[in-house]
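Okay, structure-v2.txt now, which holds compact mmCIF, C-alpha atoms and all ligand atoms:
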```
# COMPACT_ATOMS: atom_id res chain seq x y z
CA MET Y 68 -11.44 43.22 6.99
CA ALA Y 69 -12.97 41.50 3.99
CA GLN Y 70 -16.15 39.91 5.24
CA ILE Y 71 -17.25 36.75 3.53
CA GLU Y 72 -20.99 36.43 3.64
CA HIS Y 73 -23.20 33.42 3.23
CA GLY Y 74 -24.14 33.21 -0.44
CA ASP Y 75 -21.01 34.91 -1.80
CA GLY Y 76 -20.19 33.54 -5.23
CA PHE Y 77 -17.30 31.23 -6.11
CA GLU Y 78 -15.16 33.98 -7.62
CA THR Y 79 -15.60 36.13 -4.50
CA LEU Y 80 -14.67 33.26 -2.19
CA ALA Y 81 -11.61 32.45 -4.30
CA ILE Y 82 -10.29 35.97 -3.76
CA HIS Y 83 -11.45 36.68 -0.21
CA ALA Y 84 -12.07 33.49 1.79
CA GLY Y 85 -9.28 33.09 4.34
CA GLN Y 86 -7.58 36.16 2.87
CA GLU Y 87 -8.62 39.13 4.95
CA PRO Y 88 -6.00 41.92 4.88
CA ASP Y 89 -3.20 41.37 7.35
CA PRO Y 90 -4.31 42.90 10.68
CA LEU Y 91 -0.80 44.13 11.50
CA THR Y 92 0.18 45.89 8.27
CA GLY Y 93 -2.91 45.94 6.07
CA ALA Y 94 -1.14 43.84 3.42
CA VAL Y 95 -3.96 42.86 1.05
CA VAL Y 96 -2.75 39.31 0.53
CA PRO Y 97 -1.71 36.91 3.29
CA PRO Y 98 2.03 37.24 3.93
CA ILE Y 99 4.33 34.26 3.55
CA TYR Y 100 5.00 33.26 7.14
CA GLN Y 101 8.34 31.65 6.35
CA VAL Y 102 8.98 30.56 9.90
CA SER Y 103 9.41 27.24 11.64
CA THR Y 104 8.41 28.27 15.14
CA PHE Y 105 6.42 30.97 16.99
CA LYS Y 106 7.25 32.84 20.22
CA GLN Y 107 5.04 31.84 23.14
CA ASP Y 108 3.99 34.37 25.77
CA GLY Y 109 4.81 32.12 28.67
CA VAL Y 110 4.57 28.34 28.41
CA GLY Y 111 1.50 27.45 26.37
CA GLY Y 112 0.70 31.11 25.72
CA LEU Y 113 0.29 30.95 21.99
CA ARG Y 114 -0.40 33.93 19.76
CA GLY Y 115 -2.67 33.97 16.72
CA GLY Y 116 -6.32 33.43 16.12
CA ARG Y 117 -7.28 32.06 12.73
CA ARG Y 118 -10.45 30.04 12.60
CA SER Y 119 -9.36 26.42 12.48
CA ALA Y 120 -9.10 25.10 8.98
CA SER Y 121 -6.15 22.90 9.74
CA GLY Y 122 -7.21 21.08 12.85
CA HIS Y 123 -4.21 22.09 14.89
CA GLY Y 124 -4.41 23.06 18.50
CA ALA Y 125 -2.70 24.53 21.47
CA ALA Y 126 -2.07 21.39 23.44
CA GLY Y 127 1.29 20.46 21.95
CA HIS Y 128 2.37 19.08 18.59
CA GLY Y 129 -0.17 16.54 17.50
CA ASP Y 130 -2.79 16.99 20.18
CA VAL Y 131 -5.72 18.10 18.12
CA VAL Y 132 -8.17 20.09 20.17
CA THR Y 133 -10.02 22.33 17.73
CA GLY Y 134 -13.52 21.79 16.45
CA PRO Y 135 -15.52 23.18 13.54
CA GLY Y 136 -15.56 26.96 13.39
CA ARG Y 137 -13.43 27.31 16.52
CA TRP Y 138 -10.48 29.62 16.55
CA VAL Y 139 -7.11 28.11 17.20
CA GLU Y 140 -5.56 29.58 20.26
CA GLY Y 141 -2.38 30.28 18.38
CA TYR Y 142 0.63 29.03 16.52
CA GLU Y 143 3.47 27.01 17.90
CA TYR Y 144 5.33 25.15 15.13
CA SER Y 145 4.83 25.22 11.35
CA ARG Y 146 4.52 21.46 10.90
CA THR Y 147 1.42 21.71 13.08
CA ALA Y 148 0.01 24.98 11.78
CA ASN Y 149 1.16 27.97 9.81
CA PRO Y 150 -0.90 31.11 9.05
CA THR Y 151 -0.15 31.09 5.29
CA ARG Y 152 -1.16 27.45 5.03
CA GLY Y 153 -4.20 28.19 7.17
CA ALA Y 154 -5.29 30.92 4.74
CA LEU Y 155 -5.13 28.46 1.82
CA GLU Y 156 -7.02 25.85 3.81
CA GLU Y 157 -9.80 28.22 4.73
CA CYS Y 158 -10.14 29.24 1.09
CA LEU Y 159 -10.17 25.64 -0.19
CA ALA Y 160 -12.78 24.62 2.39
CA ALA Y 161 -14.98 27.48 1.18
CA LEU Y 162 -14.51 26.64 -2.50
CA GLU Y 163 -15.39 22.96 -2.03
CA GLY Y 164 -18.21 23.71 0.40
CA GLY Y 165 -16.47 21.63 3.08
CA LEU Y 166 -16.07 22.02 6.80
CA ARG Y 167 -12.30 21.81 6.90
CA ALA Y 168 -9.44 21.58 4.41
CA LEU Y 169 -5.87 20.43 4.89
CA ALA Y 170 -3.01 21.35 2.58
CA PHE Y 171 -0.21 18.87 1.89
CA ALA Y 172 3.21 18.81 0.30
CA SER Y 173 1.77 16.94 -2.72
CA GLY Y 174 -1.37 15.31 -3.99
CA MET Y 175 0.13 11.92 -3.16
CA ALA Y 176 0.81 13.00 0.44
CA ALA Y 177 -2.87 13.96 0.70
CA GLU Y 178 -3.96 10.58 -0.71
CA ASP Y 179 -1.67 8.69 1.64
CA CYS Y 180 -3.00 10.60 4.65
CA LEU Y 181 -6.61 9.93 3.73
CA VAL Y 182 -6.13 6.20 3.21
CA ARG Y 183 -4.19 5.76 6.42
CA ALA Y 184 -6.65 7.84 8.43
CA VAL Y 185 -9.61 5.82 7.16
CA CYS Y 186 -8.35 2.26 6.56
CA GLN Y 187 -6.98 -0.43 8.83
CA PRO Y 188 -5.11 -3.60 7.83
CA GLY Y 189 -7.70 -6.04 6.47
CA ASP Y 190 -9.82 -3.29 4.88
CA HIS Y 191 -10.85 -3.16 1.22
CA VAL Y 192 -10.97 -0.18 -1.12
CA LEU Y 193 -12.62 0.12 -4.54
CA ILE Y 194 -10.57 2.19 -6.99
CA PRO Y 195 -11.30 3.26 -10.59
CA HIS Y 196 -10.03 0.76 -13.15
CA ASP Y 197 -8.52 3.77 -14.94
CA ALA Y 198 -7.20 5.70 -11.94
CA TYR Y 199 -4.22 8.02 -12.07
CA GLY Y 200 -1.07 5.84 -12.20
CA GLY Y 201 0.31 7.25 -8.95
CA THR Y 202 -2.92 6.40 -7.12
CA TYR Y 203 -2.74 2.87 -8.47
CA ARG Y 204 0.91 2.63 -7.39
CA LEU Y 205 0.02 3.85 -3.88
CA PHE Y 206 -2.57 1.09 -3.46
CA ASP Y 207 -0.65 -1.62 -5.30
CA LYS Y 208 2.90 -1.04 -4.06
CA VAL Y 209 2.41 0.66 -0.68
CA MET Y 210 -1.02 0.06 0.87
CA ALA Y 211 -1.15 -3.60 -0.17
CA GLY Y 212 1.97 -4.18 1.93
CA TRP Y 213 0.10 -2.80 4.96
CA GLY Y 214 -2.87 -5.10 4.45
CA VAL Y 215 -5.23 -2.73 2.62
CA THR Y 216 -6.58 -4.53 -0.44
CA TYR Y 217 -7.77 -2.68 -3.53
CA HIS Y 218 -10.22 -3.75 -6.24
CA PRO Y 219 -10.33 -1.91 -9.60
CA VAL Y 220 -13.89 -1.20 -10.83
CA PRO Y 221 -15.30 0.76 -13.77
CA ILE Y 222 -16.57 3.69 -11.73
CA SER Y 223 -18.64 5.03 -14.64
CA ASP Y 224 -20.83 1.93 -14.21
CA ALA Y 225 -22.79 2.49 -10.97
CA GLU Y 226 -24.19 -1.05 -11.01
CA ALA Y 227 -20.70 -2.53 -11.26
CA VAL Y 228 -19.69 -0.41 -8.27
CA ARG Y 229 -22.78 -1.60 -6.35
CA ALA Y 230 -21.91 -5.24 -7.10
CA ALA Y 231 -18.26 -4.74 -6.14
CA ALA Y 232 -19.31 -3.02 -2.90
CA ALA Y 233 -21.55 -5.98 -2.05
CA ALA Y 234 -18.78 -8.46 -2.87
CA HIS Y 235 -15.87 -6.73 -1.12
CA ARG Y 236 -17.54 -4.68 1.63
CA PRO Y 237 -15.09 -1.76 1.21
CA THR Y 238 -14.29 0.84 3.84
CA LEU Y 239 -13.61 3.36 1.12
CA ILE Y 240 -14.78 3.89 -2.45
CA TRP Y 241 -12.27 5.99 -4.32
CA VAL Y 242 -13.44 7.92 -7.35
CA GLU Y 243 -11.83 10.17 -9.89
CA SER Y 244 -14.14 12.11 -12.17
CA PRO Y 245 -13.11 12.78 -14.85
CA THR Y 246 -10.47 10.06 -14.65
CA ASN Y 247 -6.87 10.46 -15.65
CA PRO Y 248 -6.22 9.81 -18.54
CA LEU Y 249 -9.40 8.29 -20.04
CA LEU Y 250 -11.82 11.00 -18.87
CA SER Y 251 -14.44 8.54 -17.58
CA ILE Y 252 -17.27 10.14 -15.65
CA ALA Y 253 -18.64 8.76 -12.39
CA ASP Y 254 -22.14 9.64 -11.24
CA ILE Y 255 -21.00 11.04 -7.89
CA ALA Y 256 -24.48 11.36 -6.34
CA ALA Y 257 -25.32 7.75 -7.29
CA LEU Y 258 -21.99 6.46 -5.96
CA ALA Y 259 -22.43 8.38 -2.71
CA GLN Y 260 -25.72 6.55 -2.15
CA ILE Y 261 -24.17 3.21 -3.02
CA ALA Y 262 -21.18 3.85 -0.75
CA HIS Y 263 -23.30 4.92 2.20
CA ALA Y 264 -25.72 2.03 1.80
CA ALA Y 265 -22.71 -0.29 1.92
CA GLY Y 266 -21.29 1.47 5.00
CA ALA Y 267 -18.37 2.89 3.00
CA MET Y 268 -16.99 6.38 2.63
CA LEU Y 269 -16.89 8.05 -0.78
CA ALA Y 270 -13.73 9.99 -1.62
CA VAL Y 271 -13.52 11.92 -4.89
CA ASP Y 272 -10.32 13.03 -6.56
CA ASN Y 273 -11.51 16.35 -8.01
CA THR Y 274 -8.19 17.31 -9.57
CA PHE Y 275 -9.33 17.24 -13.22
CA ALA Y 276 -12.51 19.24 -12.63
CA SER Y 277 -11.41 21.66 -9.87
CA PRO Y 278 -14.04 22.99 -7.44
CA TYR Y 279 -15.09 25.57 -10.03
CA LEU Y 280 -16.47 22.88 -12.34
CA GLN Y 281 -17.61 20.28 -9.80
CA GLN Y 282 -18.32 20.11 -6.08
CA PRO Y 283 -18.40 16.49 -4.94
CA LEU Y 284 -19.30 17.23 -1.29
CA ALA Y 285 -22.57 18.83 -2.40
CA LEU Y 286 -23.25 15.64 -4.37
CA GLY Y 287 -22.85 13.50 -1.25
CA ALA Y 288 -19.14 12.65 -1.18
CA ASP Y 289 -17.40 12.54 2.20
CA ALA Y 290 -13.96 13.71 1.14
CA VAL Y 291 -12.41 15.55 -1.77
CA ILE Y 292 -8.80 15.07 -2.83
CA HIS Y 293 -6.77 17.49 -4.92
CA SER Y 294 -3.44 17.59 -6.51
CA THR Y 295 -3.26 21.39 -6.11
CA THR Y 296 -0.24 21.13 -8.40
CA LYS Y 297 -2.77 21.20 -11.24
CA TYR Y 298 -5.66 23.63 -11.85
CA LEU Y 299 -5.77 25.10 -8.35
CA GLY Y 300 -2.13 26.22 -8.51
CA GLY Y 301 -2.51 26.67 -12.24
CA HIS Y 302 0.95 27.92 -13.21
CA SER Y 303 3.17 24.80 -13.13
CA ASP Y 304 5.32 26.32 -10.42
CA VAL Y 305 4.36 24.43 -7.26
CA VAL Y 306 3.60 20.85 -6.14
CA GLY Y 307 0.89 20.43 -3.52
CA GLY Y 308 -2.17 18.54 -2.41
CA ALA Y 309 -5.30 19.02 -0.37
CA LEU Y 310 -8.10 17.16 1.37
CA VAL Y 311 -11.48 18.74 2.07
CA VAL Y 312 -13.94 16.98 4.37
CA THR Y 313 -17.32 17.48 5.96
CA ASP Y 314 -16.77 15.67 9.23
CA THR Y 315 -14.91 17.16 12.20
CA GLY Y 316 -13.81 13.80 13.57
CA LEU Y 317 -12.27 12.85 10.24
CA ALA Y 318 -10.64 16.30 9.93
CA ASP Y 319 -9.10 15.85 13.35
CA ARG Y 320 -7.76 12.38 12.48
CA LEU Y 321 -6.26 13.74 9.24
CA ALA Y 322 -4.70 16.70 11.03
CA PHE Y 323 -3.26 14.41 13.70
CA LEU Y 324 -1.74 12.08 11.10
CA ARG Y 325 -0.40 14.91 8.94
CA ASN Y 326 1.24 16.47 11.96
CA ALA Y 327 2.58 13.12 13.15
CA VAL Y 328 4.26 12.32 9.82
CA GLY Y 329 5.01 15.90 8.72
CA SER Y 330 3.46 15.99 5.23
CA ALA Y 331 2.00 19.51 5.37
CA ALA Y 332 2.47 22.13 2.64
CA ALA Y 333 5.30 24.60 3.16
CA PRO Y 334 4.36 28.30 3.60
CA PHE Y 335 5.72 29.49 0.25
CA ASP Y 336 4.03 26.61 -1.58
CA ALA Y 337 0.74 27.42 0.16
CA TRP Y 338 1.12 31.08 -0.81
CA LEU Y 339 1.80 30.26 -4.47
CA THR Y 340 -1.21 27.95 -4.54
CA LEU Y 341 -3.43 30.58 -2.98
CA ARG Y 342 -2.29 33.10 -5.58
CA GLY Y 343 -3.24 30.64 -8.30
CA VAL Y 344 -6.64 29.96 -6.74
CA LYS Y 345 -7.64 33.62 -7.06
CA THR Y 346 -7.87 33.29 -10.86
CA LEU Y 347 -9.23 29.73 -10.97
CA ALA Y 348 -12.64 30.71 -12.32
CA VAL Y 349 -11.41 32.79 -15.25
CA ARG Y 350 -8.73 30.26 -16.12
CA MET Y 351 -11.17 27.36 -16.01
CA ASP Y 352 -13.60 29.15 -18.33
CA ARG Y 353 -10.84 29.51 -20.91
CA HIS Y 354 -9.58 25.93 -20.35
CA CYS Y 355 -13.13 24.73 -21.04
CA ASP Y 356 -13.50 26.81 -24.22
CA ASN Y 357 -10.13 25.75 -25.59
CA GLY Y 358 -10.61 22.11 -24.55
CA ALA Y 359 -13.96 21.94 -26.34
CA GLN Y 360 -12.54 23.38 -29.55
CA VAL Y 361 -9.52 21.07 -29.51
CA ALA Y 362 -11.74 18.02 -28.85
CA LYS Y 363 -14.01 18.96 -31.75
CA MET Y 364 -11.09 19.35 -34.13
CA LEU Y 365 -9.62 16.00 -33.08
CA ALA Y 366 -12.98 14.23 -33.40
CA ASN Y 367 -13.04 15.24 -37.09
CA HIS Y 368 -9.41 14.47 -37.85
CA PRO Y 369 -8.64 11.42 -40.03
CA ARG Y 370 -5.51 10.48 -38.03
CA VAL Y 371 -7.45 10.31 -34.77
CA ALA Y 372 -9.17 7.01 -33.92
CA GLN Y 373 -11.05 8.08 -30.78
CA VAL Y 374 -11.39 11.20 -28.64
CA TYR Y 375 -12.08 11.17 -24.89
CA TYR Y 376 -13.69 14.43 -23.78
CA PRO Y 377 -16.83 14.54 -21.61
CA GLY Y 378 -18.08 17.62 -23.45
CA LEU Y 379 -18.58 15.65 -26.67
CA PRO Y 380 -22.20 14.43 -26.93
CA GLU Y 381 -20.95 10.97 -27.99
CA HIS Y 382 -18.90 10.58 -24.77
CA PRO Y 383 -20.63 7.84 -22.71
CA GLY Y 384 -20.51 10.01 -19.59
CA HIS Y 385 -21.75 13.19 -21.28
CA GLU Y 386 -25.21 13.25 -19.68
CA VAL Y 387 -23.86 12.68 -16.18
CA ALA Y 388 -21.18 15.31 -16.79
CA VAL Y 389 -23.85 17.82 -17.86
CA LYS Y 390 -25.73 17.04 -14.65
CA GLN Y 391 -22.83 17.43 -12.22
CA MET Y 392 -20.29 19.72 -13.91
CA ARG Y 393 -20.42 23.42 -14.78
CA GLY Y 394 -18.09 22.82 -17.76
CA PHE Y 395 -15.99 19.99 -19.15
CA GLY Y 396 -12.46 21.19 -18.48
CA GLY Y 397 -9.27 21.35 -20.46
CA MET Y 398 -8.15 17.72 -20.44
CA VAL Y 399 -8.51 15.86 -23.74
CA SER Y 400 -7.14 12.41 -24.58
CA PHE Y 401 -7.19 10.66 -27.92
CA ARG Y 402 -6.02 7.50 -29.63
CA HIS Y 403 -3.77 8.03 -32.61
CA ALA Y 404 -4.92 6.09 -35.68
CA GLY Y 405 -1.25 5.40 -36.47
CA GLY Y 406 -0.81 3.35 -33.27
CA GLU Y 407 1.87 3.63 -30.60
CA PRO Y 408 4.79 4.78 -32.82
CA ALA Y 409 2.70 7.63 -34.26
CA ALA Y 410 1.42 8.61 -30.80
CA VAL Y 411 4.96 8.73 -29.40
CA GLU Y 412 6.32 10.56 -32.41
CA MET Y 413 3.57 13.17 -32.40
CA SER Y 414 4.03 13.83 -28.67
CA GLY Y 415 7.55 15.03 -29.38
CA ARG Y 416 6.66 17.08 -32.44
CA THR Y 417 4.45 19.92 -31.24
CA ARG Y 418 5.60 23.55 -31.17
CA LEU Y 419 3.43 25.04 -28.40
CA PHE Y 420 2.22 21.94 -26.54
CA ILE Y 421 5.17 21.12 -24.29
CA LEU Y 422 6.11 17.46 -23.89
CA ALA Y 423 5.81 17.10 -20.12
CA GLU Y 424 3.99 15.31 -17.33
CA SER Y 425 1.45 17.16 -15.16
CA LEU Y 426 -1.53 19.22 -16.26
CA GLY Y 427 -3.75 22.13 -15.35
CA GLY Y 428 -1.28 24.95 -15.93
CA VAL Y 429 -1.81 27.95 -18.19
CA GLU Y 430 0.54 26.43 -20.78
CA SER Y 431 -0.55 23.49 -22.93
CA LEU Y 432 1.14 20.15 -22.33
CA ILE Y 433 1.21 16.91 -24.30
CA GLU Y 434 2.26 13.46 -23.10
CA HIS Y 435 2.19 9.74 -23.85
CA PRO Y 436 0.55 8.23 -20.72
CA ALA Y 437 1.65 4.62 -21.31
CA ARG Y 438 5.31 5.62 -21.23
CA MET Y 439 5.07 8.61 -18.92
CA THR Y 440 2.42 9.34 -16.24
CA HIS Y 441 0.93 5.84 -16.28
CA ALA Y 442 4.05 3.75 -16.82
CA SER Y 443 3.61 2.34 -13.30
CA ALA Y 444 0.32 0.72 -14.43
CA ALA Y 445 1.99 -1.27 -17.26
CA GLY Y 446 0.95 -4.94 -17.20
CA SER Y 447 -1.81 -4.26 -14.65
CA PRO Y 448 -5.59 -4.07 -15.07
CA LEU Y 449 -5.08 -0.29 -15.17
CA GLU Y 450 -2.75 -0.34 -18.18
CA VAL Y 451 -3.62 2.47 -20.62
CA PRO Y 452 -3.76 2.06 -24.43
CA SER Y 453 -0.33 2.47 -26.01
CA ASP Y 454 -1.70 4.68 -28.81
CA LEU Y 455 -3.14 7.18 -26.30
CA VAL Y 456 -2.03 10.81 -26.24
CA ARG Y 457 -3.10 13.11 -23.38
CA LEU Y 458 -3.41 16.86 -23.76
CA SER Y 459 -3.67 19.46 -21.04
CA VAL Y 460 -5.12 22.28 -23.10
CA GLY Y 461 -3.89 25.59 -21.76
CA ILE Y 462 -5.23 29.10 -22.09
CA GLU Y 463 -3.18 30.23 -25.09
CA ASN Y 464 -4.84 31.46 -28.28
CA CYS Y 465 -6.92 28.51 -29.38
CA ASP Y 466 -6.28 28.94 -33.12
CA ASP Y 467 -2.56 28.65 -32.40
CA LEU Y 468 -3.12 25.47 -30.38
CA ILE Y 469 -5.24 23.88 -33.07
CA GLU Y 470 -2.75 24.75 -35.79
CA ASP Y 471 0.03 23.24 -33.63
CA LEU Y 472 -1.86 19.96 -33.22
CA ARG Y 473 -2.82 19.79 -36.89
CA ALA Y 474 0.79 20.26 -37.92
CA ALA Y 475 1.98 17.58 -35.48
CA LEU Y 476 -0.72 15.09 -36.56
CA GLY Y 477 0.41 15.52 -40.18
C1 LIG I 1 -5.83 12.90 -10.74
C2 LIG I 1 -4.56 13.04 -9.94
N1 LIG I 1 -4.59 12.82 -8.62
C3 LIG I 1 -3.47 12.93 -7.86
C4 LIG I 1 -2.25 13.24 -8.43
C5 LIG I 1 -1.03 13.31 -7.56
O1 LIG I 1 -0.68 14.63 -7.31
P1 LIG I 1 0.81 15.17 -7.05
O2 LIG I 1 1.58 14.95 -8.33
O3 LIG I 1 0.62 16.60 -6.70
O4 LIG I 1 1.39 14.37 -5.95
C6 LIG I 1 -2.17 13.49 -9.80
C7 LIG I 1 -0.89 13.85 -10.42
O5 LIG I 1 -0.77 13.88 -11.63
C8 LIG I 1 -3.36 13.39 -10.58
O6 LIG I 1 -3.37 13.59 -11.90
```

What's the structure tokens form of this structure?
Amino acid sequence: MAQIEHGDGFETLAIHAGQEPDPLTGAVVPPIYQVSTFKQDGVGGLRGGRRSASGHGAAGHGDVVTGPGRWVEGYEYSRTANPTRGALEECLAALEGGLRALAFASGMAAEDCLVRAVCQPGDHVLIPHDAYGGTYRLFDKVMAGWGVTYHPVPISDAEAVRAAAAAHRPTLIWVESPTNPLLSIADIAALAQIAHAAGAMLAVDNTFASPYLQQPLALGADAVIHSTTKYLGGHSDVVGGALVVTDTGLADRLAFLRNAVGSAAAPFDAWLTLRGVKTLAVRMDRHCDNGAQVAKMLANHPRVAQVYYPGLPEHPGHEVAVKQMRGFGGMVSFRHAGGEPAAVEMSGRTRLFILAESLGGVESLIEHPARMTHASAAGSPLEVPSDLVRLSVGIENCDDLIEDLRAALG
């Protein structure tokens, strides 16, 4: 049995946490438990014994009875708990330094679960004024209808967040850092203090950074959100989401809600994500190297008006990013000097960068946020510039990527 010890490094945890060889066969990776239900040895006699990372229990679907570090008494039904999903959850909890993790069918399912577990009708939430378009849509088109009011704030400006917290008395402050697609940086430690002083919870969408580059819980955040579709999965072959939290009560509420609505990750999806997680560290190092080189080239290109990359010293969030991130990632956005038509045209003209939504995979992607990922924010305070191009810089040969972009820029 692979023994994880206190102090094991990130790369070791990514490969071993939650992934001890299968006790039955010795299989060195967790099998895909592609099952809906589990045989009980007499009524209520459940088999199994994974330490609870998913908050499920033995008292029937939805009755959450486990606590931190306790072993579940067994498995009963895969909506409630599944060993493959449990392996991923244990690994993600270790990588984020959290108490418990929950894996979902998508990043949006994870977001929805967190908001509904934490907020009641009449509550207020602060969100980044440049949040991911789907997050904005969730608050604007779904949560608003259930009486949860959102207020966009520039989360890179801690004083603006403090003022908004005083004015709106939010239950939840929602942060992305870096943001999608403008790569704004929030000072997570400062915002955690502001949130807690205001009696609010701080949730950080860590999708762009991944736990390898940034660990929000260690900086004081209460919850981390992931679209595991992105860097954690890393191969553009699975959609998923995750929440990682530090509080048992919150973990239990999330597990209850996820089980009640049925938004958990499927076993095969959890397995694919876990396979991706094993190489997260080496992939992220290359994403960071390639991202930095691409950003530098763009910053010196005459057809580029502005580059957004936190690794550039001129980025307004650079100092905070240096303080709280191990590296600056592979996401780079820029404004095309030729305006919207040139940005749109270029997005369809690259050879290696594939014109597609999503990010964080090994292959490089290019997109036009205003017409693609952020179209749902059109006409809102979260509208993105129409001349903006977003790149997810992959781990191909960087010279090839740079040549591709140069040729497409003309
Ligand atoms: C920052 C961020 N958060 C959340 C999501 C939603 O994740 P999913 O597409 O897995 O539902 C995305 C998707 O692009 C994202 O970029």

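Nearest residue to ligand LIG 1 (chain I) among Y:Arg402, Y:Lys208, Y:His293, Y:Arg438 is Y:His293, counting all atoms listed in the file.
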
Go through the chains and note each residue within 7 Å of ligand LIG 1 (chain I), using all atoms listed in the file, then give the set as a list in words.
Ser173, Gly174, Met175, Ala176, Tyr199, Gly201, Thr202, Glu243, Thr246, Asn247, Asp272, Thr274, Phe275, His293, Ser294, Thr295, Thr296, Val306, Gly307, Gly308 and Ser425 of chain Y

Mind writing the picked residues with C-alpha atoms as a tab-separated table (two decimals), in the frame of the given file?
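Output file selection14.tsv follows:
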```tsv
chain	number	residue	atom	x	y	z
Y	173	SER	CA	1.77	16.94	-2.72
Y	174	GLY	CA	-1.37	15.31	-3.99
Y	175	MET	CA	0.13	11.92	-3.16
Y	176	ALA	CA	0.81	13.00	0.44
Y	199	TYR	CA	-4.22	8.02	-12.07
Y	201	GLY	CA	0.31	7.25	-8.95
Y	202	THR	CA	-2.92	6.40	-7.12
Y	243	GLU	CA	-11.83	10.17	-9.89
Y	246	THR	CA	-10.47	10.06	-14.65
Y	247	ASN	CA	-6.87	10.46	-15.65
Y	272	ASP	CA	-10.32	13.03	-6.56
Y	274	THR	CA	-8.19	17.31	-9.57
Y	275	PHE	CA	-9.33	17.24	-13.22
Y	293	HIS	CA	-6.77	17.49	-4.92
Y	294	SER	CA	-3.44	17.59	-6.51
Y	295	THR	CA	-3.26	21.39	-6.11
Y	296	THR	CA	-0.24	21.13	-8.40
Y	306	VAL	CA	3.60	20.85	-6.14
Y	307	GLY	CA	0.89	20.43	-3.52
Y	308	GLY	CA	-2.17	18.54	-2.41
Y	425	SER	CA	1.45	17.16	-15.16
```

Residue nearest Arg473 in chain Y among Y:Lys297, Y:Arg229, Y:His435, Y:Arg418 (counting all atoms listed in the file)
Y:Arg418

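Taking CA of Gln373 in chain Y and CA of Ala198 in chain Y as endpoints, the distance between them is 19.4 Å.
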
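The space separating CA of Ile292 in chain Y from CA of Gly74 in chain Y comes to 23.9 Å.
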
Which neighbours of Leu476 in chain Y fall inside 8 Å, counting all atoms listed in the file, when residues of the same chain fewer than 2 positions from it are skipped, and could you give them as a PyMOL selection string?
chain Y and resi 370+413+472-474

Write out the residues from the selection above, keeping C-alpha atoms, as a PDB file, in the frame of the given file.
```
ATOM      1  CA  ARG Y 370      -5.510  10.480 -38.030  1.00  0.00           C
ATOM      2  CA  MET Y 413       3.570  13.170 -32.400  1.00  0.00           C
ATOM      3  CA  LEU Y 472      -1.860  19.960 -33.220  1.00  0.00           C
ATOM      4  CA  ARG Y 473      -2.820  19.790 -36.890  1.00  0.00           C
ATOM      5  CA  ALA Y 474       0.790  20.260 -37.920  1.00  0.00           C
TER       6      ALA Y 474
END
```

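Minimum atom-to-atom distances from Y:Phe171, Y:Tyr203, Y:Tyr298, Y:Tyr100 to Pro448 in chain Y were compared using only C-alpha atoms, and the lowest value belongs to Y:Tyr203.
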
Nearest to Asp454 in chain Y: which of Y:Gly415, Y:Gly406, Y:Pro90, Y:Gly141 is it, counting all atoms listed in the file?
Y:Gly406

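Distances from Y:Ala388, Y:Leu365, Y:Cys180, Y:Ala170 to Ile252 in chain Y were compared using only C-alpha atoms, and the smallest one belongs to Y:Ala388.
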
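Of the listed residues (Y:Glu72, Y:Asp224, Y:Glu78, Y:Glu381), Y:Glu78 comes nearest to Met351 in chain Y; the distances count only C-alpha atoms.
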
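Relative to CA of Ile261 in chain Y, CA of Ala227 in chain Y is found at 10.6 Å.
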
As a compact mmCIF listing (two decimals), in the frame of the given file, the rebuilt range 174-183 of chain Y with N, CA and C atoms:
```
# COMPACT_ATOMS: atom_id res chain seq x y z
N GLY Y 174 -0.11 16.05 -3.89
CA GLY Y 174 -1.37 15.31 -3.99
C GLY Y 174 -1.23 13.91 -3.42
N MET Y 175 -0.07 13.28 -3.66
CA MET Y 175 0.13 11.92 -3.16
C MET Y 175 0.19 11.90 -1.63
N ALA Y 176 0.78 12.93 -1.03
CA ALA Y 176 0.81 13.00 0.44
C ALA Y 176 -0.61 13.10 0.99
N ALA Y 177 -1.47 13.85 0.28
CA ALA Y 177 -2.87 13.96 0.70
C ALA Y 177 -3.56 12.60 0.59
N GLU Y 178 -3.34 11.90 -0.52
CA GLU Y 178 -3.96 10.58 -0.71
C GLU Y 178 -3.53 9.61 0.38
N ASP Y 179 -2.23 9.59 0.63
CA ASP Y 179 -1.67 8.69 1.64
C ASP Y 179 -2.30 8.96 3.00
N CYS Y 180 -2.45 10.23 3.34
CA CYS Y 180 -3.00 10.60 4.65
C CYS Y 180 -4.44 10.13 4.75
N LEU Y 181 -5.20 10.32 3.68
CA LEU Y 181 -6.61 9.93 3.73
C LEU Y 181 -6.76 8.41 3.91
N VAL Y 182 -5.99 7.66 3.12
CA VAL Y 182 -6.13 6.20 3.21
C VAL Y 182 -5.74 5.70 4.59
N ARG Y 183 -4.64 6.26 5.12
CA ARG Y 183 -4.19 5.76 6.42
C ARG Y 183 -5.06 6.25 7.57
```
